[in-house]
file entry-v2.pdb (PDB, C-alpha atoms, pLDDT in the B column)
ATOM      1  CA  MET A   1      25.150 -61.788 169.523  1.00 60.00           C
ATOM      2  CA  LYS A   2      26.711 -64.351 167.269  1.00 73.00           C
ATOM      3  CA  LYS A   3      26.109 -67.992 167.974  1.00 77.00           C
ATOM      4  CA  GLY A   4      28.983 -69.498 169.957  1.00 82.00           C
ATOM      5  CA  PHE A   5      30.400 -66.142 171.070  1.00 82.00           C
ATOM      6  CA  TYR A   6      30.460 -67.078 174.744  1.00 79.00           C
ATOM      7  CA  ALA A   7      31.935 -70.497 174.043  1.00 83.00           C
ATOM      8  CA  LYS A   8      34.745 -68.940 172.008  1.00 85.00           C
ATOM      9  CA  MET A   9      35.460 -66.441 174.786  1.00 78.00           C
ATOM     10  CA  ALA A  10      35.565 -69.184 177.408  1.00 77.00           C
ATOM     11  CA  PHE A  11      37.848 -71.419 175.346  1.00 83.00           C
ATOM     12  CA  SER A  12      40.251 -68.599 174.530  1.00 86.00           C
ATOM     13  CA  ASN A  13      40.368 -67.603 178.217  1.00 77.00           C
ATOM     14  CA  ILE A  14      41.247 -71.133 179.325  1.00 78.00           C
ATOM     15  CA  ARG A  15      43.929 -71.342 176.630  1.00 85.00           C
ATOM     16  CA  LYS A  16      45.462 -67.975 177.602  1.00 84.00           C
ATOM     17  CA  ASN A  17      45.338 -68.593 181.361  1.00 79.00           C
ATOM     18  CA  TYR A  18      46.391 -72.227 181.477  1.00 83.00           C
ATOM     19  CA  ARG A  19      48.926 -71.439 184.213  1.00 83.00           C
ATOM     20  CA  PHE A  20      46.013 -70.798 186.583  1.00 78.00           C
ATOM     21  CA  PHE A  21      43.967 -73.811 185.530  1.00 80.00           C
ATOM     22  CA  ILE A  22      46.746 -76.428 185.525  1.00 83.00           C
ATOM     23  CA  PRO A  23      47.293 -76.383 189.342  1.00 81.00           C
ATOM     24  CA  HIS A  24      43.569 -76.804 189.916  1.00 81.00           C
ATOM     25  CA  ILE A  25      43.324 -79.730 187.506  1.00 83.00           C
ATOM     26  CA  LEU A  26      46.466 -81.423 188.867  1.00 88.00           C
ATOM     27  CA  THR A  27      45.328 -80.968 192.465  1.00 86.00           C
ATOM     28  CA  GLY A  28      41.962 -82.521 191.725  1.00 88.00           C
ATOM     29  CA  ALA A  29      43.458 -85.441 189.826  1.00 92.00           C
ATOM     30  CA  GLY A  30      46.115 -86.153 192.449  1.00 92.00           C
ATOM     31  CA  LEU A  31      43.696 -86.011 195.357  1.00 90.00           C
ATOM     32  CA  LEU A  32      41.160 -88.177 193.578  1.00 91.00           C
ATOM     33  CA  GLY A  33      43.844 -90.726 192.732  1.00 93.00           C
ATOM     34  CA  SER A  34      45.191 -90.917 196.293  1.00 91.00           C
ATOM     35  CA  PHE A  35      41.672 -91.128 197.734  1.00 90.00           C
ATOM     36  CA  TYR A  36      40.795 -93.974 195.369  1.00 92.00           C
ATOM     37  CA  ILE A  37      44.004 -95.897 196.152  1.00 91.00           C
ATOM     38  CA  ILE A  38      43.522 -95.652 199.921  1.00 89.00           C
ATOM     39  CA  LEU A  39      39.826 -96.588 199.614  1.00 90.00           C
ATOM     40  CA  THR A  40      40.643 -99.609 197.458  1.00 91.00           C
ATOM     41  CA  LEU A  41      43.253-100.789 199.940  1.00 86.00           C
ATOM     42  CA  ALA A  42      40.825-100.314 202.827  1.00 85.00           C
ATOM     43  CA  MET A  43      38.122-102.408 201.147  1.00 88.00           C
ATOM     44  CA  ASP A  44      40.442-105.242 200.033  1.00 86.00           C
ATOM     45  CA  GLY A  45      39.215-108.539 201.474  1.00 83.00           C
ATOM     46  CA  ARG A  46      42.606-110.238 201.277  1.00 86.00           C
ATOM     47  CA  LEU A  47      43.986-108.169 204.158  1.00 81.00           C
ATOM     48  CA  HIS A  48      42.334-110.485 206.690  1.00 80.00           C
ATOM     49  CA  GLU A  49      44.478-113.385 205.486  1.00 84.00           C
ATOM     50  CA  ILE A  50      47.799-111.894 206.572  1.00 84.00           C
ATOM     51  CA  LYS A  51      49.136-111.710 210.112  1.00 84.00           C
ATOM     52  CA  GLY A  52      47.782-108.602 211.843  1.00 78.00           C
ATOM     53  CA  GLY A  53      45.509-107.941 208.892  1.00 80.00           C
ATOM     54  CA  ASP A  54      42.440-107.373 211.042  1.00 81.00           C
ATOM     55  CA  TYR A  55      43.699-103.946 212.104  1.00 85.00           C
ATOM     56  CA  ILE A  56      44.884-102.653 208.736  1.00 84.00           C
ATOM     57  CA  PRO A  57      41.392-101.926 207.277  1.00 83.00           C
ATOM     58  CA  THR A  58      40.535 -99.936 210.411  1.00 86.00           C
ATOM     59  CA  PHE A  59      43.544 -97.689 209.943  1.00 88.00           C
ATOM     60  CA  MET A  60      42.919 -97.429 206.223  1.00 87.00           C
ATOM     61  CA  VAL A  61      39.347 -96.243 206.827  1.00 88.00           C
ATOM     62  CA  MET A  62      40.760 -93.543 209.113  1.00 92.00           C
ATOM     63  CA  GLY A  63      43.169 -92.663 206.296  1.00 90.00           C
ATOM     64  CA  VAL A  64      40.247 -92.407 203.869  1.00 91.00           C
ATOM     65  CA  ALA A  65      38.527 -89.940 206.222  1.00 92.00           C
ATOM     66  CA  ILE A  66      41.685 -87.858 206.591  1.00 93.00           C
ATOM     67  CA  ILE A  67      42.424 -87.843 202.847  1.00 91.00           C
ATOM     68  CA  GLY A  68      38.796 -86.917 202.161  1.00 90.00           C
ATOM     69  CA  LEU A  69      38.938 -83.986 204.572  1.00 93.00           C
ATOM     70  CA  LEU A  70      42.255 -82.770 203.150  1.00 91.00           C
ATOM     71  CA  SER A  71      40.871 -83.135 199.626  1.00 90.00           C
ATOM     72  CA  ILE A  72      37.902 -80.931 200.412  1.00 91.00           C
ATOM     73  CA  ILE A  73      40.084 -78.268 202.022  1.00 93.00           C
ATOM     74  CA  LEU A  74      42.656 -78.224 199.198  1.00 88.00           C
ATOM     75  CA  LEU A  75      40.032 -78.175 196.449  1.00 87.00           C
ATOM     76  CA  PHE A  76      38.232 -75.227 198.058  1.00 90.00           C
ATOM     77  CA  TYR A  77      41.572 -73.436 198.446  1.00 88.00           C
ATOM     78  CA  THR A  78      42.594 -73.923 194.815  1.00 84.00           C
ATOM     79  CA  ASN A  79      39.102 -72.926 193.663  1.00 83.00           C
ATOM     80  CA  SER A  80      39.203 -69.694 195.684  1.00 86.00           C
ATOM     81  CA  PHE A  81      42.674 -68.933 194.268  1.00 83.00           C
ATOM     82  CA  LEU A  82      41.350 -69.470 190.759  1.00 80.00           C
ATOM     83  CA  MET A  83      38.327 -67.241 191.365  1.00 81.00           C
ATOM     84  CA  LYS A  84      40.499 -64.418 192.745  1.00 81.00           C
ATOM     85  CA  GLN A  85      42.590 -64.489 189.593  1.00 75.00           C
ATOM     86  CA  ARG A  86      39.486 -64.263 187.402  1.00 74.00           C
ATOM     87  CA  GLU A  87      37.626 -61.378 189.115  1.00 78.00           C
ATOM     88  CA  ARG A  88      38.561 -58.886 186.382  1.00 77.00           C
ATOM     89  CA  GLU A  89      37.374 -61.295 183.695  1.00 75.00           C
ATOM     90  CA  PHE A  90      34.029 -61.752 185.451  1.00 76.00           C
ATOM     91  CA  GLY A  91      33.630 -57.968 185.571  1.00 79.00           C
ATOM     92  CA  LEU A  92      34.185 -57.792 181.814  1.00 77.00           C
ATOM     93  CA  TYR A  93      31.619 -60.521 181.218  1.00 75.00           C
ATOM     94  CA  SER A  94      29.140 -58.626 183.378  1.00 79.00           C
ATOM     95  CA  VAL A  95      29.684 -55.438 181.358  1.00 80.00           C
ATOM     96  CA  LEU A  96      29.148 -57.397 178.141  1.00 78.00           C
ATOM     97  CA  GLY A  97      25.733 -58.453 179.402  1.00 79.00           C
ATOM     98  CA  MET A  98      26.253 -61.976 180.668  1.00 75.00           C
ATOM     99  CA  GLU A  99      24.142 -63.023 183.609  1.00 73.00           C
ATOM    100  CA  LYS A 100      25.547 -64.820 186.638  1.00 67.00           C
ATOM    101  CA  ARG A 101      24.071 -68.127 185.536  1.00 67.00           C
ATOM    102  CA  HIS A 102      26.059 -67.922 182.264  1.00 65.00           C
ATOM    103  CA  ILE A 103      29.361 -67.182 184.000  1.00 60.00           C
TER     104      ILE A 103
END
call {"tool": "encode", "arguments": {"input": "entry-v2.pdb", "output": "structure tokens"}}
result
Amino acid sequence: MKKGFYAKMAFSNIRKNYRFFIPHILTGAGLLGSFYIILTLAMDGRLHEIKGGDYIPTFMVMGVAIIGLLSIILLFYTNSFLMKQREREFGLYSVLGMEKRHI
């Protein structure tokens, strides 16, 4: 096969099916951003200086755990949705001789 054949196929597939990839990318970016913001607020040392600030980091750490759990669930869900949409494409790649490690 020509050099770069698989790379060209992969790039053209992503370009043609951007409507499937955009939700996955936006979900990952949004969840990562919210997780980072909550984690940064939880680890901020200045919270102890305000009135009632001793309890805020405790609740923020619980929020980090909840956001982390929701992030894992939503990322697995969007990934499974993406894989269902691409089953036919994977079949074509298999017929063309690609191995599972290349897909």
call {"tool": "atom_distance", "arguments": {"input": "entry-v2.pdb", "atom1": "CA of Ser94 (chain A)", "atom2": "CA of His24 (chain A)"}}
result
24.1 Å
call {"tool": "resolve_selection", "arguments": {"input": "entry-v2.pdb", "expression": "the PyMOL selection byres ((chain A and resi 43) around 12)", "output": "list in words"}}
result
Tyr36, Ile37, Ile38, Leu39, Thr40, Leu41, Ala42, Asp44, Gly45, Arg46, Leu47, His48, Asp54, Ile56, Pro57, Thr58, Phe59, Met60, Val61 and Val64 of chain A
call {"tool": "write_last_selection", "arguments": {"input": "entry-v2.pdb", "atoms": "C-alpha atoms", "output": "PDB file, in the coordinates of the input"}}
result
ATOM      1  CA  TYR A  36      40.795 -93.974 195.369  1.00 92.00           C
ATOM      2  CA  ILE A  37      44.004 -95.897 196.152  1.00 91.00           C
ATOM      3  CA  ILE A  38      43.522 -95.652 199.921  1.00 89.00           C
ATOM      4  CA  LEU A  39      39.826 -96.588 199.614  1.00 90.00           C
ATOM      5  CA  THR A  40      40.643 -99.609 197.458  1.00 91.00           C
ATOM      6  CA  LEU A  41      43.253-100.789 199.940  1.00 86.00           C
ATOM      7  CA  ALA A  42      40.825-100.314 202.827  1.00 85.00           C
ATOM      8  CA  ASP A  44      40.442-105.242 200.033  1.00 86.00           C
ATOM      9  CA  GLY A  45      39.215-108.539 201.474  1.00 83.00           C
ATOM     10  CA  ARG A  46      42.606-110.238 201.277  1.00 86.00           C
ATOM     11  CA  LEU A  47      43.986-108.169 204.158  1.00 81.00           C
ATOM     12  CA  HIS A  48      42.334-110.485 206.690  1.00 80.00           C
ATOM     13  CA  ASP A  54      42.440-107.373 211.042  1.00 81.00           C
ATOM     14  CA  ILE A  56      44.884-102.653 208.736  1.00 84.00           C
ATOM     15  CA  PRO A  57      41.392-101.926 207.277  1.00 83.00           C
ATOM     16  CA  THR A  58      40.535 -99.936 210.411  1.00 86.00           C
ATOM     17  CA  PHE A  59      43.544 -97.689 209.943  1.00 88.00           C
ATOM     18  CA  MET A  60      42.919 -97.429 206.223  1.00 87.00           C
ATOM     19  CA  VAL A  61      39.347 -96.243 206.827  1.00 88.00           C
ATOM     20  CA  VAL A  64      40.247 -92.407 203.869  1.00 91.00           C
TER      21      VAL A  64
END
call {"tool": "closest_residue", "arguments": {"input": "entry-v2.pdb", "among": "A:Gln85, A:Gly68, A:Glu99, A:Leu74", "to": "Ile25 (chain A)", "atoms": "only C-alpha atoms"}}
result
A:Leu74
call {"tool": "resolve_selection", "arguments": {"input": "entry-v2.pdb", "expression": "the PyMOL selection byres ((chain A and resi 23) around 12)", "output": "tab-separated table (two decimals) with C-alpha atoms, in the frame of the given file"}}
result
chain	number	residue	atom	x	y	z
A	17	ASN	CA	45.34	-68.59	181.36
A	18	TYR	CA	46.39	-72.23	181.48
A	19	ARG	CA	48.93	-71.44	184.21
A	20	PHE	CA	46.01	-70.80	186.58
A	21	PHE	CA	43.97	-73.81	185.53
A	22	ILE	CA	46.75	-76.43	185.52
A	24	HIS	CA	43.57	-76.80	189.92
A	25	ILE	CA	43.32	-79.73	187.51
A	26	LEU	CA	46.47	-81.42	188.87
A	27	THR	CA	45.33	-80.97	192.46
A	28	GLY	CA	41.96	-82.52	191.72
A	29	ALA	CA	43.46	-85.44	189.83
A	30	GLY	CA	46.12	-86.15	192.45
A	31	LEU	CA	43.70	-86.01	195.36
A	74	LEU	CA	42.66	-78.22	199.20
A	75	LEU	CA	40.03	-78.18	196.45
A	77	TYR	CA	41.57	-73.44	198.45
A	78	THR	CA	42.59	-73.92	194.82
A	79	ASN	CA	39.10	-72.93	193.66
A	81	PHE	CA	42.67	-68.93	194.27
A	82	LEU	CA	41.35	-69.47	190.76
call {"tool": "axis_aligned_box", "arguments": {"input": "entry-v2.pdb", "around": "region 5-12 of chain A", "padding_each_side": "4 Å", "output": "JSON"}}
result
{"center_x": 35.3, "center_y": -68.8, "center_z": 174.2, "size_x": 17.9, "size_y": 13.3, "size_z": 14.3}
call {"tool": "residues_around", "arguments": {"input": "entry-v2.pdb", "residues": "Glu89 (chain A)", "least_positions_apart": "3", "cutoff": "12 Å", "atoms": "only C-alpha atoms", "output": "PyMOL selection string"}}
result
chain A and resi 9-10+13-14+17+82-86+92-96+98+103
call {"tool": "atom_distance", "arguments": {"input": "entry-v2.pdb", "atom1": "CA of Leu32 (chain A)", "atom2": "CA of Glu87 (chain A)"}}
result
27.4 Å
call {"tool": "closest_residue", "arguments": {"input": "entry-v2.pdb", "among": "A:Ser80, A:Arg15, A:Phe35, A:Lys51", "to": "Ile66 (chain A)", "atoms": "all atoms listed in the file"}}
result
A:Phe35
call {"tool": "atom_distance", "arguments": {"input": "entry-v2.pdb", "atom1": "CA of Phe5 (chain A)", "atom2": "CA of Gly97 (chain A)"}}
result
12.3 Å
call {"tool": "decode", "arguments": {"input": "entry-v2.pdb", "residues": "region 50-69 of chain A", "atoms": "N, CA and C atoms", "output": "PDB file, in the first residue's frame"}}
result
ATOM      1  N   ILE A  50     -11.291  33.650  55.285  1.00  0.00           N
ATOM      2  CA  ILE A  50     -12.626  34.244  55.355  1.00  0.00           C
ATOM      3  C   ILE A  50     -13.460  33.546  56.420  1.00  0.00           C
ATOM      4  N   LYS A  51     -14.547  34.196  56.812  1.00  0.00           N
ATOM      5  CA  LYS A  51     -15.421  33.640  57.840  1.00  0.00           C
ATOM      6  C   LYS A  51     -16.120  32.395  57.290  1.00  0.00           C
ATOM      7  N   GLY A  52     -16.028  31.303  58.025  1.00  0.00           N
ATOM      8  CA  GLY A  52     -16.614  30.035  57.590  1.00  0.00           C
ATOM      9  C   GLY A  52     -15.799  29.337  56.527  1.00  0.00           C
ATOM     10  N   GLY A  53     -14.604  29.790  56.286  1.00  0.00           N
ATOM     11  CA  GLY A  53     -13.773  29.252  55.219  1.00  0.00           C
ATOM     12  C   GLY A  53     -13.176  27.894  55.522  1.00  0.00           C
ATOM     13  N   ASP A  54     -13.299  27.423  56.744  1.00  0.00           N
ATOM     14  CA  ASP A  54     -12.742  26.108  57.068  1.00  0.00           C
ATOM     15  C   ASP A  54     -13.578  24.980  56.462  1.00  0.00           C
ATOM     16  N   TYR A  55     -14.842  25.240  56.202  1.00  0.00           N
ATOM     17  CA  TYR A  55     -15.730  24.202  55.690  1.00  0.00           C
ATOM     18  C   TYR A  55     -15.794  24.167  54.169  1.00  0.00           C
ATOM     19  N   ILE A  56     -15.463  25.267  53.538  1.00  0.00           N
ATOM     20  CA  ILE A  56     -15.580  25.351  52.074  1.00  0.00           C
ATOM     21  C   ILE A  56     -14.671  24.344  51.362  1.00  0.00           C
ATOM     22  N   PRO A  57     -13.399  24.191  51.739  1.00  0.00           N
ATOM     23  CA  PRO A  57     -12.564  23.187  51.037  1.00  0.00           C
ATOM     24  C   PRO A  57     -13.107  21.767  51.170  1.00  0.00           C
ATOM     25  N   THR A  58     -13.739  21.466  52.296  1.00  0.00           N
ATOM     26  CA  THR A  58     -14.310  20.124  52.479  1.00  0.00           C
ATOM     27  C   THR A  58     -15.411  19.873  51.453  1.00  0.00           C
ATOM     28  N   PHE A  59     -16.286  20.856  51.279  1.00  0.00           N
ATOM     29  CA  PHE A  59     -17.358  20.701  50.311  1.00  0.00           C
ATOM     30  C   PHE A  59     -16.830  20.719  48.879  1.00  0.00           C
ATOM     31  N   MET A  60     -15.795  21.495  48.644  1.00  0.00           N
ATOM     32  CA  MET A  60     -15.212  21.526  47.309  1.00  0.00           C
ATOM     33  C   MET A  60     -14.554  20.194  46.946  1.00  0.00           C
ATOM     34  N   VAL A  61     -13.931  19.541  47.906  1.00  0.00           N
ATOM     35  CA  VAL A  61     -13.332  18.226  47.648  1.00  0.00           C
ATOM     36  C   VAL A  61     -14.430  17.215  47.317  1.00  0.00           C
ATOM     37  N   MET A  62     -15.573  17.310  47.998  1.00  0.00           N
ATOM     38  CA  MET A  62     -16.701  16.448  47.644  1.00  0.00           C
ATOM     39  C   MET A  62     -17.183  16.764  46.229  1.00  0.00           C
ATOM     40  N   GLY A  63     -17.184  18.052  45.873  1.00  0.00           N
ATOM     41  CA  GLY A  63     -17.557  18.447  44.517  1.00  0.00           C
ATOM     42  C   GLY A  63     -16.589  17.911  43.478  1.00  0.00           C
ATOM     43  N   VAL A  64     -15.305  17.883  43.810  1.00  0.00           N
ATOM     44  CA  VAL A  64     -14.296  17.327  42.901  1.00  0.00           C
ATOM     45  C   VAL A  64     -14.583  15.848  42.660  1.00  0.00           C
ATOM     46  N   ALA A  65     -14.925  15.116  43.717  1.00  0.00           N
ATOM     47  CA  ALA A  65     -15.228  13.687  43.579  1.00  0.00           C
ATOM     48  C   ALA A  65     -16.468  13.480  42.713  1.00  0.00           C
ATOM     49  N   ILE A  66     -17.484  14.292  42.918  1.00  0.00           N
ATOM     50  CA  ILE A  66     -18.717  14.155  42.147  1.00  0.00           C
ATOM     51  C   ILE A  66     -18.483  14.516  40.682  1.00  0.00           C
ATOM     52  N   ILE A  67     -17.787  15.618  40.439  1.00  0.00           N
ATOM     53  CA  ILE A  67     -17.481  16.022  39.058  1.00  0.00           C
ATOM     54  C   ILE A  67     -16.611  14.965  38.379  1.00  0.00           C
ATOM     55  N   GLY A  68     -15.663  14.401  39.106  1.00  0.00           N
ATOM     56  CA  GLY A  68     -14.823  13.347  38.537  1.00  0.00           C
ATOM     57  C   GLY A  68     -15.631  12.121  38.147  1.00  0.00           C
ATOM     58  N   LEU A  69     -16.550  11.712  38.993  1.00  0.00           N
ATOM     59  CA  LEU A  69     -17.395  10.557  38.695  1.00  0.00           C
ATOM     60  C   LEU A  69     -18.296  10.842  37.492  1.00  0.00           C
TER      61      LEU A  69
END
